[in-house]
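S.K.: Okay, here's the structure, questions in a sec.
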Amino acid sequence: MATIDITTVRAPMRILGFRWPFHGVIANGVIGFLLFFVFLAIFGEFISPYAPNRVGVGPALAPPSPQFWFGTDGLGRDQLSRVIASTRPALLSATEAVSLALVVGLAIGIAAGYLGGWWDGALSRIMDLLFAFPEYLLAILVVAVLGSGLTNVAIGVGIICIPRFARAARSATMEVISRGYVEAAVLAGRSRAWIMWRHVLPNIASPLLVMTAITLSTAEGAYASLAFLGFGERPPTADLGSMISAAQPYMTTNPFTVLFPAAVFVVLVLAFNVLGDVLRDLLDPRARPELARSIR
C-alpha cells in the first residue's frame with residue numbers, strides 16, 4: 001500500500017511561512033465552527049433566505065420544512081434568517097465585554113502585582129468589592145443606569161468580568177517579577193513602565209489568553225440571559241436571548257421555536273470553553289501529553 005510522506009503535505013505551509021498550530025479533530029472542529037460563526041456574523045445578511053425582521057413571510061409557527069428550514073416564529077418570521085442575524089450581536093456582545101474586562105483587569109492586575117504596597121491593597125479591595133456583588137445583579141444595575149442595548153449590556157457584563165482578569169494578572173505578575181531578568185532590568189535603570197511592558201506583559205500573556213477564551217463563554221451566557229430578560233438588542237432585532245424569551249409561550253406546542261436558537265447558544269458557549277482547553281494545552285509547556293491527547 002502506498003504511503004503518504006507527511007513532509008510533503010506540510011511543505012506548502014512552510015513555504016508560505018505559516019504553520020497551522022492546531023491539531024486534532026476536536027481542536028480544528030472548534031476553530032472551524034467559530035470561524036463559520038464569524039462568517040455568518042459578517043455576511044449573514046447576504047445569505048439569509050429572508051429578511052430577519054420581515055413579518056408574515058410564512059404562516060405563523062410553521063414547522064420546519066424545505067421552505068423554512070427552522071420553521072417560523074409567532075409572527076411568521078423565518079427562524080433560520082433570525083438565527084443567522086443573531087450571530088452578530090452574539091459575537092459583538094461577548095467580544096466587547098471581554099475586551100473591556102481584559103484591558104481594565106490587565107492594567108489593574110499588573111499595577112497591583114508590580115507596584116505592591118498600598119497600590120496592591122487599594123486595587124485588591126476594589127476587586128473584592130466587585131466580587132462581593134452577585135454578578136448578574138451588578139450587570140442589571142449597570143444596565144439600569146446606562147439603559148438597554150447591546151453596547152450597554154456588554155459594558156455591564158465586562159465590569160463583572162474585570163476582577164477575574166485582575167486577579168489572574170496580579171498573581172502572574174508577582175511570579176514574573178521574582179525572576180532574574182526583571183531584577184537585571186531594575187539594576188540597569190529601566191523604568192517601571194518599561195519593565196511592565198517589555199518583561200511582565202509578554203510573560204503573563206499565555207494564561208490570560210486562555211482565560212480570555214473561557215471568559216468569552218461566560219460573557220455570551222450573561223448577555224443571552226440579560227437579553228432573555230429584555231435588556232439586550234431592542235426589538236425587532238434578533239438575538240438568541242430575546243428569541244428564546246419570545247418562544248417561551250410555545251415551548252410545549254411548538255418546541256422548534258426554542259430548539260434552534262437554544263441549540264446555537266449552547267454550541268457557541270461550549271465552543272468557547274473547548275477553545276480555552278485547546279489554547280491551554282497549546283501554550284502551556286507543562287501540560288501532560290495524555291491531557292493534550294484527550295482533546296485531539
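Residue names in the C-alpha cells use chain letters A, B, ... in the order shown, residue numbers from 1 in each chain, and ligand numbers from 1 in the order shown.
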Would you pick out the contacts of stretch 256-270 of chain A at 6 Å or less, using only C-alpha atoms, so that residues sharing its chain but fewer than 2 positions from it are not included, and give the list as a short mmCIF file (atom, residue, chain, number, x, y, z; two decimals) with N, CA and C atoms, in the first residue's frame?
M.R.:
data_model
loop_
_atom_site.label_atom_id
_atom_site.label_comp_id
_atom_site.auth_asym_id
_atom_site.auth_seq_id
_atom_site.Cartn_x
_atom_site.Cartn_y
_atom_site.Cartn_z
N SER A 217 -17.16 32.56 26.82
CA SER A 217 -18.36 31.74 27.05
C SER A 217 -19.20 32.32 28.18
N LEU A 240 -30.16 35.81 20.37
CA LEU A 240 -30.53 34.48 20.85
C LEU A 240 -31.39 34.55 22.11
N ILE A 244 -35.34 33.19 22.40
CA ILE A 244 -35.77 32.17 23.36
C ILE A 244 -36.88 32.70 24.25
N ALA A 247 -40.17 32.82 22.38
CA ALA A 247 -40.71 31.50 22.08
C ALA A 247 -41.21 30.77 23.32
N ASN A 254 -45.07 24.15 20.19
CA ASN A 254 -44.16 24.30 19.05
C ASN A 254 -42.72 24.39 19.55
N PHE A 272 -16.52 28.03 22.95
CA PHE A 272 -15.58 28.93 23.63
C PHE A 272 -14.86 28.21 24.77
N ASN A 273 -15.59 27.37 25.50
CA ASN A 273 -14.96 26.62 26.59
C ASN A 273 -13.90 25.65 26.07
#
S.K.: Extract, using only C-alpha atoms, all DNA, RNA and protein residues at most 12 Å from stretch 187-204 of chain A, discarding same-chain residues fewer than 3 positions from it, and format them as a PyMOL selection string.
M.R.: chain A and resi 103+106-107+109-115+165-166+168-184+207-211+283-284
S.K.: Rank nothing, just name the residue among A:Leu91, A:Ile162, A:Leu34, A:Val143 nearest to A:Ser124, using only C-alpha atoms.
M.R.: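 Answer, going by the shortest atom-to-atom distance: A:Ile162.
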S.K.: Just list as a PyMOL selection string whatever in stretch 57-121 of chain A DSSP marks as helix (DSSP H, G or I).
M.R.: chain A and resi 79-115+117-121
S.K.: Nearest residue to A:Val38 out of A:Leu146, A:Leu92, A:Val157, A:Ala185, using only C-alpha atoms?
M.R.: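 Of the candidates, the smallest distance to A:Val38 is held by A:Leu92.
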S.K.: State, in Å with one decimal place, the distance from atom CA of A:Arg54 to atom CA of A:Ala219.
M.R.: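 These two atoms are separated by 29.1 Å.
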S.K.: Would you mind listing what lies within 7 Å of A:Phe68 as a PDB file with N, CA and C atoms, in the first residue's frame, with only C-alpha atoms counted and same-chain residues fewer than 4 positions away left out?
M.R.:
ATOM      1  N   PRO A  64     -40.621  23.187  10.742  1.00  0.00           N
ATOM      2  CA  PRO A  64     -39.513  23.116   9.774  1.00  0.00           C
ATOM      3  C   PRO A  64     -39.930  22.401   8.496  1.00  0.00           C
ATOM      4  N   THR A  72     -41.048  28.908  11.410  1.00  0.00           N
ATOM      5  CA  THR A  72     -41.303  30.337  11.610  1.00  0.00           C
ATOM      6  C   THR A  72     -41.720  30.589  13.052  1.00  0.00           C
ATOM      7  N   ASP A  78     -39.063  34.138   9.483  1.00  0.00           N
ATOM      8  CA  ASP A  78     -38.244  32.954   9.238  1.00  0.00           C
ATOM      9  C   ASP A  78     -37.219  32.774  10.351  1.00  0.00           C
TER      10      ASP A  78
END
S.K.: Would you kindly return, as an NGL selection string, each protein, DNA or RNA residue with an atom no farther than 9 Å from any atom of A:Ser93, considering only C-alpha atoms and excluding same-chain residues fewer than 2 positions away?
M.R.: :A and (88-91 or 95-98 or 150-151 or 153-155 or 157 or 219-220 or 223)
S.K.: For those residues, write C-alpha atoms to a file as a CSV table (one decimal), in the first residue's frame.
M.R.:
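After the write, result_12.csv holds the following:
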chain,number,residue,atom,x,y,z
A,88,ARG,CA,-23.7,39.3,15.0
A,89,PRO,CA,-24.9,40.6,18.4
A,90,ALA,CA,-23.8,37.3,20.0
A,91,LEU,CA,-20.2,37.7,18.9
A,95,THR,CA,-16.1,40.4,22.3
A,96,GLU,CA,-16.9,43.9,23.6
A,97,ALA,CA,-17.4,42.7,27.1
A,98,VAL,CA,-14.2,40.6,27.3
A,150,LEU,CA,-26.0,45.7,23.1
A,151,THR,CA,-23.2,48.0,24.0
A,153,VAL,CA,-25.2,45.3,28.3
A,154,ALA,CA,-21.6,44.4,27.1
A,155,ILE,CA,-20.3,47.1,29.4
A,157,VAL,CA,-21.0,42.1,31.5
A,219,ALA,CA,-19.9,36.7,28.6
A,220,GLU,CA,-22.0,35.1,25.9
A,223,TYR,CA,-25.6,38.6,27.6
S.K.: Which is closer to A:Arg164 than all the others in A:Ile214, A:Val278, A:Leu226, A:Leu40, using only C-alpha atoms?
M.R.: A:Ile214
S.K.: Quick one: everything within 10 Å of A:Ser242, counting only C-alpha atoms, minus sequence neighbours fewer than 4 positions away in the same chain. Send it as a ChimeraX atom specification.
M.R.: /A:86,224-238,246-248,261
S.K.: Take the residues from that selection and write them out as a JSON list (two decimals), in the first residue's frame, keeping C-alpha atoms.
M.R.:
[["chain", "number", "residue", "atom", "x", "y", "z"],
["A", 86, "SER", "CA", -28.42, 36.77, 15.86],
["A", 224, "ALA", "CA", -28.08, 35.95, 26.45],
["A", 225, "SER", "CA", -29.52, 35.86, 29.98],
["A", 226, "LEU", "CA", -29.90, 39.64, 30.09],
["A", 227, "ALA", "CA", -31.37, 39.65, 26.58],
["A", 228, "PHE", "CA", -33.84, 37.00, 27.75],
["A", 229, "LEU", "CA", -34.93, 39.46, 30.45],
["A", 230, "GLY", "CA", -35.36, 42.21, 27.83],
["A", 231, "PHE", "CA", -32.13, 44.17, 28.31],
["A", 232, "GLY", "CA", -30.46, 43.19, 25.02],
["A", 233, "GLU", "CA", -30.98, 44.42, 21.48],
["A", 234, "ARG", "CA", -34.16, 46.38, 21.02],
["A", 235, "PRO", "CA", -36.95, 44.61, 19.08],
["A", 236, "PRO", "CA", -37.32, 43.62, 16.34],
["A", 237, "THR", "CA", -33.54, 43.00, 16.10],
["A", 238, "ALA", "CA", -32.86, 39.30, 16.60],
["A", 246, "ALA", "CA", -40.30, 35.24, 22.72],
["A", 247, "ALA", "CA", -40.71, 31.50, 22.08],
["A", 248, "GLN", "CA", -41.45, 30.72, 25.73],
["A", 261, "PRO", "CA", -31.81, 29.34, 18.95]]
